[in-house]
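Below: structure-v4.cif (mmCIF, C-alpha atoms)
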```
data_entry
#
loop_
_atom_site.group_PDB
_atom_site.id
_atom_site.type_symbol
_atom_site.label_atom_id
_atom_site.label_comp_id
_atom_site.auth_asym_id
_atom_site.auth_seq_id
_atom_site.Cartn_x
_atom_site.Cartn_y
_atom_site.Cartn_z
ATOM 1 C CA MET A 1 29.643 -22.939 96.876
ATOM 2 C CA THR A 2 31.028 -25.409 94.378
ATOM 3 C CA LEU A 3 32.490 -24.295 91.069
ATOM 4 C CA LYS A 4 29.714 -26.167 89.264
ATOM 5 C CA ALA A 5 27.061 -24.279 91.239
ATOM 6 C CA TYR A 6 28.771 -20.944 90.615
ATOM 7 C CA LEU A 7 28.909 -21.529 86.875
ATOM 8 C CA HIS A 8 25.278 -22.663 86.897
ATOM 9 C CA ASP A 9 24.196 -19.492 88.716
ATOM 10 C CA HIS A 10 26.157 -16.939 86.697
ATOM 11 C CA PHE A 11 27.108 -18.459 83.337
ATOM 12 C CA VAL A 12 25.827 -20.437 80.387
ATOM 13 C CA ASP A 13 27.674 -22.808 78.128
ATOM 14 C CA LYS A 14 28.036 -22.155 74.408
ATOM 15 C CA ALA A 15 24.801 -23.918 73.554
ATOM 16 C CA GLY A 16 23.011 -21.958 76.259
ATOM 17 C CA LEU A 17 24.250 -18.630 74.914
ATOM 18 C CA ALA A 18 23.232 -19.603 71.400
ATOM 19 C CA ALA A 19 19.748 -20.518 72.606
ATOM 20 C CA LEU A 20 19.352 -17.243 74.506
ATOM 21 C CA ALA A 21 20.371 -15.271 71.429
ATOM 22 C CA GLY A 22 18.250 -17.317 69.044
ATOM 23 C CA THR A 23 21.176 -18.507 66.963
ATOM 24 C CA SER A 24 23.422 -21.552 66.547
ATOM 25 C CA VAL A 25 26.544 -22.755 68.306
ATOM 26 C CA GLU A 26 28.339 -22.454 64.981
ATOM 27 C CA GLN A 27 27.344 -18.791 64.744
ATOM 28 C CA VAL A 28 28.588 -18.128 68.278
ATOM 29 C CA ASP A 29 31.931 -19.715 67.323
ATOM 30 C CA ALA A 30 32.092 -17.594 64.172
ATOM 31 C CA LEU A 31 31.414 -14.378 66.095
ATOM 32 C CA VAL A 32 34.137 -15.181 68.626
ATOM 33 C CA MET A 33 36.604 -15.931 65.841
ATOM 34 C CA ALA A 34 35.676 -12.672 64.093
ATOM 35 C CA GLY A 35 36.238 -10.654 67.259
ATOM 36 C CA ALA A 36 32.581 -9.662 67.429
ATOM 37 C CA LEU A 37 31.960 -11.536 70.672
ATOM 38 C CA PRO A 38 34.206 -11.951 73.727
ATOM 39 C CA HIS A 39 35.977 -15.250 74.158
ATOM 40 C CA PRO A 40 34.457 -17.493 76.821
ATOM 41 C CA THR A 41 35.257 -16.258 80.302
ATOM 42 C CA TYR A 42 36.058 -19.769 81.509
ATOM 43 C CA VAL A 43 37.140 -22.916 79.718
ATOM 44 C CA CYS A 44 36.960 -26.069 81.853
ATOM 45 C CA LYS A 45 38.884 -29.147 80.806
ATOM 46 C CA GLN A 46 40.484 -32.165 82.480
ATOM 47 C CA GLY A 47 40.334 -30.929 86.060
ATOM 48 C CA THR A 48 41.307 -27.322 85.281
ATOM 49 C CA ILE A 49 39.557 -24.004 84.786
ATOM 50 C CA ARG A 50 41.161 -21.381 82.561
ATOM 51 C CA SER A 51 40.474 -17.663 82.272
ATOM 52 C CA ALA A 52 42.354 -14.774 80.681
ATOM 53 C CA ALA A 53 42.533 -13.057 84.065
ATOM 54 C CA PHE A 54 43.923 -15.918 86.188
ATOM 55 C CA GLY A 55 45.291 -18.430 83.714
ATOM 56 C CA VAL A 56 44.941 -22.173 84.333
ATOM 57 C CA ILE A 57 43.874 -23.214 87.831
ATOM 58 C CA PRO A 58 43.578 -26.870 88.921
ATOM 59 C CA THR A 59 40.218 -27.882 90.355
ATOM 60 C CA ARG A 60 38.960 -31.038 91.996
ATOM 61 C CA GLU A 61 35.697 -30.734 90.110
ATOM 62 C CA VAL A 62 35.708 -32.364 86.704
ATOM 63 C CA LEU A 63 33.894 -29.969 84.370
ATOM 64 C CA GLU A 64 34.026 -29.604 80.614
ATOM 65 C CA GLY A 65 33.069 -26.771 78.314
ATOM 66 C CA ALA A 66 33.276 -23.075 77.539
ATOM 67 C CA TYR A 67 31.273 -20.696 79.709
ATOM 68 C CA PHE A 68 29.916 -17.262 78.804
ATOM 69 C CA ARG A 69 27.910 -14.705 80.730
ATOM 70 C CA PRO A 70 24.253 -14.756 79.630
ATOM 71 C CA GLU A 71 24.457 -10.951 79.433
ATOM 72 C CA TYR A 72 26.566 -11.428 76.286
ATOM 73 C CA THR A 73 23.288 -12.102 74.508
ATOM 74 C CA ARG A 74 23.090 -8.377 73.802
ATOM 75 C CA TRP A 75 26.423 -8.383 71.981
ATOM 76 C CA VAL A 76 25.422 -11.442 69.946
ATOM 77 C CA GLN A 77 22.214 -9.738 68.879
ATOM 78 C CA ILE A 78 24.007 -6.525 67.914
ATOM 79 C CA ALA A 79 26.372 -8.587 65.766
ATOM 80 C CA LEU A 80 23.551 -10.546 64.157
ATOM 81 C CA ARG A 81 21.751 -7.334 63.158
ATOM 82 C CA ALA A 82 24.866 -6.072 61.373
ATOM 83 C CA THR A 83 25.575 -6.389 57.674
ATOM 84 C CA PRO A 84 27.436 -9.666 57.046
ATOM 85 C CA GLY A 85 31.136 -9.004 57.442
ATOM 86 C CA ASP A 86 30.532 -5.945 59.626
ATOM 87 C CA GLU A 87 29.707 -7.814 62.847
ATOM 88 C CA ARG A 88 32.861 -6.893 64.733
ATOM 89 C CA ASN A 89 32.646 -3.246 63.784
ATOM 90 C CA ALA A 90 29.014 -3.073 64.923
ATOM 91 C CA VAL A 91 29.823 -4.486 68.349
ATOM 92 C CA ILE A 92 33.058 -2.568 68.924
ATOM 93 C CA SER A 93 31.536 0.705 67.722
ATOM 94 C CA THR A 94 28.604 0.298 70.109
ATOM 95 C CA LEU A 95 30.877 -0.628 72.996
ATOM 96 C CA THR A 96 33.338 2.183 72.280
ATOM 97 C CA ASN A 97 30.584 4.803 72.222
ATOM 98 C CA GLU A 98 29.164 3.496 75.496
ATOM 99 C CA LEU A 99 32.590 3.431 77.134
ATOM 100 C CA ARG A 100 33.245 6.985 76.000
ATOM 101 C CA ASP A 101 29.912 8.258 77.310
ATOM 102 C CA ALA A 102 30.477 6.586 80.679
ATOM 103 C CA LEU A 103 34.111 7.628 81.041
ATOM 104 C CA GLN A 104 33.265 11.255 80.268
ATOM 105 C CA THR A 105 31.200 11.387 83.455
ATOM 106 C CA TRP A 106 34.357 10.556 85.450
ATOM 107 C CA PHE A 107 37.197 12.167 83.495
ATOM 108 C CA GLU A 108 37.424 15.548 81.763
ATOM 109 C CA ASP A 109 40.516 15.027 79.620
ATOM 110 C CA PRO A 110 39.427 13.600 76.227
ATOM 111 C CA ASN A 111 42.885 12.132 75.668
ATOM 112 C CA GLU A 112 42.635 10.218 78.924
ATOM 113 C CA VAL A 113 39.162 8.991 77.976
ATOM 114 C CA GLU A 114 40.401 7.680 74.633
ATOM 115 C CA ALA A 115 43.451 6.050 76.235
ATOM 116 C CA ARG A 116 41.233 4.305 78.753
ATOM 117 C CA ILE A 117 38.947 3.025 76.010
ATOM 118 C CA GLN A 118 41.891 1.469 74.204
ATOM 119 C CA ALA A 119 43.062 -0.125 77.461
ATOM 120 C CA LEU A 120 39.625 -1.629 78.136
ATOM 121 C CA LEU A 121 38.903 -3.121 74.710
ATOM 122 C CA PRO A 122 41.361 -6.060 74.948
ATOM 123 C CA HIS A 123 39.819 -7.143 78.263
ATOM 124 C CA PHE A 124 36.383 -7.135 76.651
ATOM 125 C CA ALA A 125 37.667 -9.328 73.815
ATOM 126 C CA SER A 126 39.387 -11.795 76.167
ATOM 127 C CA GLY A 127 36.226 -12.397 78.219
ATOM 128 C CA THR A 128 37.791 -10.928 81.363
ATOM 129 C CA PHE A 129 34.894 -8.570 82.017
ATOM 130 C CA GLY A 130 32.592 -11.582 82.164
ATOM 131 C CA LEU A 131 34.616 -12.747 85.144
ATOM 132 C CA CYS A 132 34.748 -9.510 87.121
ATOM 133 C CA VAL A 133 31.943 -7.122 86.037
ATOM 134 C CA SER A 134 28.402 -7.620 87.298
ATOM 135 C CA ASP A 135 26.912 -6.164 84.095
ATOM 136 C CA PRO A 136 29.216 -6.788 81.115
ATOM 137 C CA SER A 137 26.391 -6.124 78.647
ATOM 138 C CA THR A 138 27.025 -2.348 78.553
ATOM 139 C CA GLY A 139 29.958 -0.003 78.477
ATOM 140 C CA ALA A 140 28.518 1.791 81.490
ATOM 141 C CA GLY A 141 28.575 -1.383 83.588
ATOM 142 C CA ILE A 142 32.182 -2.038 82.657
ATOM 143 C CA VAL A 143 33.334 1.521 83.376
ATOM 144 C CA ARG A 144 31.550 1.687 86.716
ATOM 145 C CA LYS A 145 33.288 -1.409 88.036
ATOM 146 C CA GLU A 146 36.684 -0.405 86.706
ATOM 147 C CA VAL A 147 36.578 3.157 88.046
ATOM 148 C CA LEU A 148 35.243 2.172 91.473
ATOM 149 C CA GLN A 149 37.949 -0.474 91.793
ATOM 150 C CA GLU A 150 40.587 2.070 90.803
ATOM 151 C CA LYS A 151 39.324 4.523 93.425
ATOM 152 C CA LEU A 152 39.284 1.887 96.156
ATOM 153 C CA ILE A 153 42.800 0.754 95.318
ATOM 154 C CA ALA A 154 44.107 4.326 95.325
ATOM 155 C CA LEU A 155 42.412 5.254 98.601
ATOM 156 C CA THR A 156 43.311 2.125 100.556
ATOM 157 C CA GLY A 157 46.609 1.004 99.065
ATOM 158 C CA ASP A 158 44.894 -1.940 97.377
ATOM 159 C CA GLY A 159 43.045 -2.830 100.561
ATOM 160 C CA SER A 160 45.978 -2.493 102.958
ATOM 161 C CA ASP A 161 44.802 0.731 104.671
ATOM 162 C CA PRO A 162 41.310 0.710 106.221
ATOM 163 C CA ALA A 163 41.714 4.258 107.587
ATOM 164 C CA PRO A 164 42.819 6.646 104.823
ATOM 165 C CA SER A 165 42.957 10.211 106.090
ATOM 166 C CA ASP A 166 41.090 11.852 103.219
ATOM 167 C CA VAL A 167 37.813 9.892 103.444
ATOM 168 C CA SER A 168 35.403 9.154 106.278
ATOM 169 C CA PRO A 169 34.559 5.578 107.291
ATOM 170 C CA THR A 170 30.965 6.151 106.140
ATOM 171 C CA ALA A 171 32.042 7.352 102.718
ATOM 172 C CA LEU A 172 34.557 4.513 102.363
ATOM 173 C CA LEU A 173 31.951 1.910 103.306
ATOM 174 C CA GLN A 174 29.629 3.379 100.676
ATOM 175 C CA LEU A 175 32.388 3.116 98.079
ATOM 176 C CA ILE A 176 33.020 -0.506 99.055
ATOM 177 C CA ASP A 177 29.310 -1.302 98.758
ATOM 178 C CA ASP A 178 29.083 0.439 95.381
ATOM 179 C CA TYR A 179 32.054 -1.554 94.144
ATOM 180 C CA ALA A 180 30.595 -4.796 95.507
ATOM 181 C CA ARG A 181 27.440 -4.237 93.450
ATOM 182 C CA ALA A 182 29.439 -3.437 90.320
ATOM 183 C CA ALA A 183 31.733 -6.475 90.617
ATOM 184 C CA MET A 184 31.162 -10.209 90.372
ATOM 185 C CA PRO A 185 31.396 -12.547 93.397
ATOM 186 C CA PHE A 186 34.216 -14.456 91.611
ATOM 187 C CA SER A 187 34.324 -18.231 91.361
ATOM 188 C CA PRO A 188 35.711 -20.504 94.087
ATOM 189 C CA ALA A 189 38.710 -21.159 91.837
ATOM 190 C CA GLU A 190 40.086 -17.604 91.985
ATOM 191 C CA TYR A 191 38.245 -16.021 94.912
ATOM 192 C CA ALA A 192 41.284 -16.155 97.228
ATOM 193 C CA ARG A 193 43.210 -13.917 94.801
ATOM 194 C CA SER A 194 40.277 -11.748 93.765
ATOM 195 C CA SER A 195 39.555 -8.058 94.222
ATOM 196 C CA ARG A 196 36.241 -9.115 95.794
ATOM 197 C CA LYS A 197 38.065 -10.735 98.707
ATOM 198 C CA ARG A 198 40.693 -8.029 99.028
ATOM 199 C CA LEU A 199 38.583 -4.894 98.531
ATOM 200 C CA VAL A 200 35.216 -6.033 99.896
ATOM 201 C CA ASP A 201 35.173 -9.058 102.174
ATOM 202 C CA ASP A 202 38.523 -8.395 103.884
ATOM 203 C CA LEU A 203 38.388 -4.591 103.865
ATOM 204 C CA ARG A 204 34.782 -3.873 104.841
ATOM 205 C CA PRO A 205 34.953 -5.310 108.403
ATOM 206 C CA ARG A 206 38.217 -3.476 109.052
ATOM 207 C CA VAL A 207 36.663 -0.174 107.979
ATOM 208 C CA ALA A 208 33.437 -0.828 109.899
ATOM 209 C CA GLY A 209 35.432 -1.585 113.061
ATOM 210 C CA ARG A 210 37.233 1.764 113.104
#
```

What does the file become when written as structure tokens?
Amino acid sequence: MTLKAYLHDHFVDKAGLAALAGTSVEQVDALVMAGALPHPTYVCKQGTIRSAAFGVIPTREVLEGAYFRPEYTRWVQIALRATPGDERNAVISTLTNELRDALQTWFEDPNEVEARIQALLPHFASGTFGLCVSDPSTGAGIVRKEVLQEKLIALTGDGSDPAPSDVSPTALLQLIDDYARAAMPFSPAEYARSSRKRLVDDLRPRVAGR
């Protein structure tokens, strides 16, 4: 798949996001600047693609523009329903509550839950979750991907061990499949370095062949 096709399938440009949310490009820019909306996941310019997760990567495809996940429409609409000046607080409060609810199903320690929330918020703001999470429109979607990835990394040594002693092949394959559904395919630009390649496409056949 080409980078252009990947972006077409999974992303919209700034004008596209504005149209989906029923607002203007200028309003989208204002929400990003106010911290009420994540930065674009990808910015393409002069033969490069840039993301917060992978930095600047050269590409042979000449693309221009800022690309957002269409699922961000929900965050735009939450911001637009807020009292003027309170847009960021409305979005971050909603996200924080959803993250807390989701994390509490995985972790009992409230201090750990709150620490994890604070660790996740900067990645939301940077647009990173648009790159790696299949459903970045809810806190639950973000938490599910992050926790499943953490479990896979811990069990398999970040994909290096297809036969950990404390889990059956069937259970490990189920975990891999669950993670695959929670994570993005990743673009051709960063796929070779992605968790998708390492924890799904490379690891699954090794586990299945045990």

Who sits within 8 Å of Ala66 in chain A, only C-alpha atoms, same chain under 5 positions skipped, as a PyMOL selection string: chain A and resi 13-14+40-44

Using the chain letters and numbering of this document, enumerate as an MDAnalysis selection string the residues selected by the PyMOL selection byres ((chain A and resi 32-35) around 12). chainID A and resid 14 25:31 36:41 66 68 72 75:76 79 84:92 121:122 124:127

Go ahead and save the residues from that selection, with C-alpha atoms, as a CSV table (one decimal), keeping the file's coordinate frame.
```csv
chain,number,residue,atom,x,y,z
A,14,LYS,CA,28.0,-22.2,74.4
A,25,VAL,CA,26.5,-22.8,68.3
A,26,GLU,CA,28.3,-22.5,65.0
A,27,GLN,CA,27.3,-18.8,64.7
A,28,VAL,CA,28.6,-18.1,68.3
A,29,ASP,CA,31.9,-19.7,67.3
A,30,ALA,CA,32.1,-17.6,64.2
A,31,LEU,CA,31.4,-14.4,66.1
A,36,ALA,CA,32.6,-9.7,67.4
A,37,LEU,CA,32.0,-11.5,70.7
A,38,PRO,CA,34.2,-12.0,73.7
A,39,HIS,CA,36.0,-15.2,74.2
A,40,PRO,CA,34.5,-17.5,76.8
A,41,THR,CA,35.3,-16.3,80.3
A,66,ALA,CA,33.3,-23.1,77.5
A,68,PHE,CA,29.9,-17.3,78.8
A,72,TYR,CA,26.6,-11.4,76.3
A,75,TRP,CA,26.4,-8.4,72.0
A,76,VAL,CA,25.4,-11.4,69.9
A,79,ALA,CA,26.4,-8.6,65.8
A,84,PRO,CA,27.4,-9.7,57.0
A,85,GLY,CA,31.1,-9.0,57.4
A,86,ASP,CA,30.5,-5.9,59.6
A,87,GLU,CA,29.7,-7.8,62.8
A,88,ARG,CA,32.9,-6.9,64.7
A,89,ASN,CA,32.6,-3.2,63.8
A,90,ALA,CA,29.0,-3.1,64.9
A,91,VAL,CA,29.8,-4.5,68.3
A,92,ILE,CA,33.1,-2.6,68.9
A,121,LEU,CA,38.9,-3.1,74.7
A,122,PRO,CA,41.4,-6.1,74.9
A,124,PHE,CA,36.4,-7.1,76.7
A,125,ALA,CA,37.7,-9.3,73.8
A,126,SER,CA,39.4,-11.8,76.2
A,127,GLY,CA,36.2,-12.4,78.2
```

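As for CA of Val207 in chain A and CA of Phe129 in chain A, they are spaced 27.3 Å apart.
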
The residue from A:Leu175, A:Ala208, A:Leu203, A:Ala189 with the smallest atom-to-atom distance to Leu131 in chain A, counting only C-alpha atoms, is A:Ala189

Within 12 Å of Lys197 in chain A, counting only C-alpha atoms, which residues show up once you throw out same-chain ones fewer than 4 positions away? Write them as a VMD selection string, please. chain A and resid 158 to 159 176 179 to 180 183 to 188 190 to 193 201 to 205

Could you list, as an MDAnalysis selection string, every residue matched by the PyMOL selection byres ((chain A and resi 152) around 10) in this structure? chainID A and resid 147:151 153:159 172 175:176 179 199:200

Answer key for the PyMOL selection byres ((chain A and resi 113-117) around 7), residues as a PyMOL selection string: chain A and resi 96+99-100+103-104+107+109-112+118-121

Take CA of Val12 in chain A and CA of Thr73 in chain A and report the distance between them in Å, one decimal.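 CA of Thr73 in chain A lies at a distance of 10.5 Å from CA of Val12 in chain A.
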
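Note that the spacing between CA of Leu95 in chain A and CA of Arg196 in chain A amounts to 24.9 Å.
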
Tell me, as a PDB file with C-alpha atoms, keeping the file's coordinate frame, which residues lie within 12 Å of His8 in chain A, counting only C-alpha atoms; anything in the same chain fewer than 6 positions away does not count.
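Okay, out-v5.pdb is ready:
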```pdb
ATOM      1  CA  MET A   1      29.643 -22.939  96.876  1.00  0.00           C
ATOM      2  CA  THR A   2      31.028 -25.409  94.378  1.00  0.00           C
ATOM      3  CA  GLY A  16      23.011 -21.958  76.259  1.00  0.00           C
ATOM      4  CA  LEU A  63      33.894 -29.969  84.370  1.00  0.00           C
ATOM      5  CA  TYR A  67      31.273 -20.696  79.709  1.00  0.00           C
ATOM      6  CA  PHE A  68      29.916 -17.262  78.804  1.00  0.00           C
ATOM      7  CA  ARG A  69      27.910 -14.705  80.730  1.00  0.00           C
ATOM      8  CA  PRO A  70      24.253 -14.756  79.630  1.00  0.00           C
ATOM      9  CA  SER A 187      34.324 -18.231  91.361  1.00  0.00           C
TER      10      SER A 187
END
```

Minimum-distance residue to Phe11 in chain A, chosen among A:Pro169, A:Pro58, A:Gly47, A:Gly65 (using all atoms listed in the file): A:Gly65

Rank nothing, just name the residue among A:Ala171, A:Val143, A:Ala82, A:Ala163 nearest to Asn97 in chain A, using all atoms listed in the file.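 Nearest to Asn97 in chain A: A:Val143.
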
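Ranking A:Leu20, A:Ile57, A:Ile49, A:Ala102 by their shortest atom-to-atom distance to Arg74 in chain A, with all atoms listed in the file included, puts A:Leu20 first.
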
Counting all atoms listed in the file, which residue out of A:Thr128, A:Asp161, A:Gln46, A:Arg60 sits closest to Leu3 in chain A?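 Of A:Thr128, A:Asp161, A:Gln46, A:Arg60, the one nearest Leu3 in chain A is A:Arg60, counting all atoms listed in the file.
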
Pick out the closest residue to Gly139 in chain A from this set: A:Gln77, A:Glu64, A:Asp101, A:Ser51. Count all atoms listed in the file.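 The answer is A:Asp101, which sits nearest to Gly139 in chain A.
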
Output requested as a PDB file, keeping the file's coordinate frame - range 32-47 of chain A, filled out with N, CA and C atoms.
```pdb
ATOM      1  N   VAL A  32      32.939 -15.239  67.786  1.00  0.00           N
ATOM      2  CA  VAL A  32      34.137 -15.181  68.626  1.00  0.00           C
ATOM      3  C   VAL A  32      35.385 -15.092  67.749  1.00  0.00           C
ATOM      4  N   MET A  33      35.439 -15.920  66.726  1.00  0.00           N
ATOM      5  CA  MET A  33      36.604 -15.931  65.841  1.00  0.00           C
ATOM      6  C   MET A  33      36.760 -14.600  65.104  1.00  0.00           C
ATOM      7  N   ALA A  34      35.640 -13.950  64.803  1.00  0.00           N
ATOM      8  CA  ALA A  34      35.676 -12.672  64.093  1.00  0.00           C
ATOM      9  C   ALA A  34      35.980 -11.494  65.012  1.00  0.00           C
ATOM     10  N   GLY A  35      36.011 -11.733  66.316  1.00  0.00           N
ATOM     11  CA  GLY A  35      36.238 -10.654  67.259  1.00  0.00           C
ATOM     12  C   GLY A  35      35.008  -9.835  67.562  1.00  0.00           C
ATOM     13  N   ALA A  36      33.831 -10.362  67.184  1.00  0.00           N
ATOM     14  CA  ALA A  36      32.581  -9.662  67.429  1.00  0.00           C
ATOM     15  C   ALA A  36      31.956 -10.046  68.761  1.00  0.00           C
ATOM     16  N   LEU A  37      32.479 -11.049  69.395  1.00  0.00           N
ATOM     17  CA  LEU A  37      31.960 -11.536  70.672  1.00  0.00           C
ATOM     18  C   LEU A  37      33.151 -11.901  71.555  1.00  0.00           C
ATOM     19  N   PRO A  38      33.096 -11.578  72.848  1.00  0.00           N
ATOM     20  CA  PRO A  38      34.206 -11.951  73.727  1.00  0.00           C
ATOM     21  C   PRO A  38      34.438 -13.462  73.728  1.00  0.00           C
ATOM     22  N   HIS A  39      35.667 -13.848  73.936  1.00  0.00           N
ATOM     23  CA  HIS A  39      35.977 -15.250  74.158  1.00  0.00           C
ATOM     24  C   HIS A  39      35.259 -15.719  75.426  1.00  0.00           C
ATOM     25  N   PRO A  40      35.074 -17.019  75.578  1.00  0.00           N
ATOM     26  CA  PRO A  40      34.457 -17.493  76.821  1.00  0.00           C
ATOM     27  C   PRO A  40      35.268 -17.050  78.022  1.00  0.00           C
ATOM     28  N   THR A  41      34.574 -16.694  79.089  1.00  0.00           N
ATOM     29  CA  THR A  41      35.257 -16.258  80.302  1.00  0.00           C
ATOM     30  C   THR A  41      36.023 -17.410  80.925  1.00  0.00           C
ATOM     31  N   TYR A  42      35.419 -18.583  80.943  1.00  0.00           N
ATOM     32  CA  TYR A  42      36.058 -19.769  81.509  1.00  0.00           C
ATOM     33  C   TYR A  42      36.031 -20.905  80.491  1.00  0.00           C
ATOM     34  N   VAL A  43      37.108 -21.662  80.458  1.00  0.00           N
ATOM     35  CA  VAL A  43      37.140 -22.916  79.718  1.00  0.00           C
ATOM     36  C   VAL A  43      37.566 -24.002  80.699  1.00  0.00           C
ATOM     37  N   CYS A  44      36.689 -24.978  80.912  1.00  0.00           N
ATOM     38  CA  CYS A  44      36.960 -26.069  81.853  1.00  0.00           C
ATOM     39  C   CYS A  44      37.334 -27.319  81.072  1.00  0.00           C
ATOM     40  N   LYS A  45      38.418 -27.960  81.518  1.00  0.00           N
ATOM     41  CA  LYS A  45      38.884 -29.147  80.806  1.00  0.00           C
ATOM     42  C   LYS A  45      39.827 -29.940  81.690  1.00  0.00           C
ATOM     43  N   GLN A  46      39.563 -31.232  81.832  1.00  0.00           N
ATOM     44  CA  GLN A  46      40.484 -32.165  82.480  1.00  0.00           C
ATOM     45  C   GLN A  46      40.947 -31.684  83.857  1.00  0.00           C
ATOM     46  N   GLY A  47      39.999 -31.312  84.699  1.00  0.00           N
ATOM     47  CA  GLY A  47      40.334 -30.929  86.060  1.00  0.00           C
ATOM     48  C   GLY A  47      40.974 -29.565  86.201  1.00  0.00           C
TER      49      GLY A  47
END
```
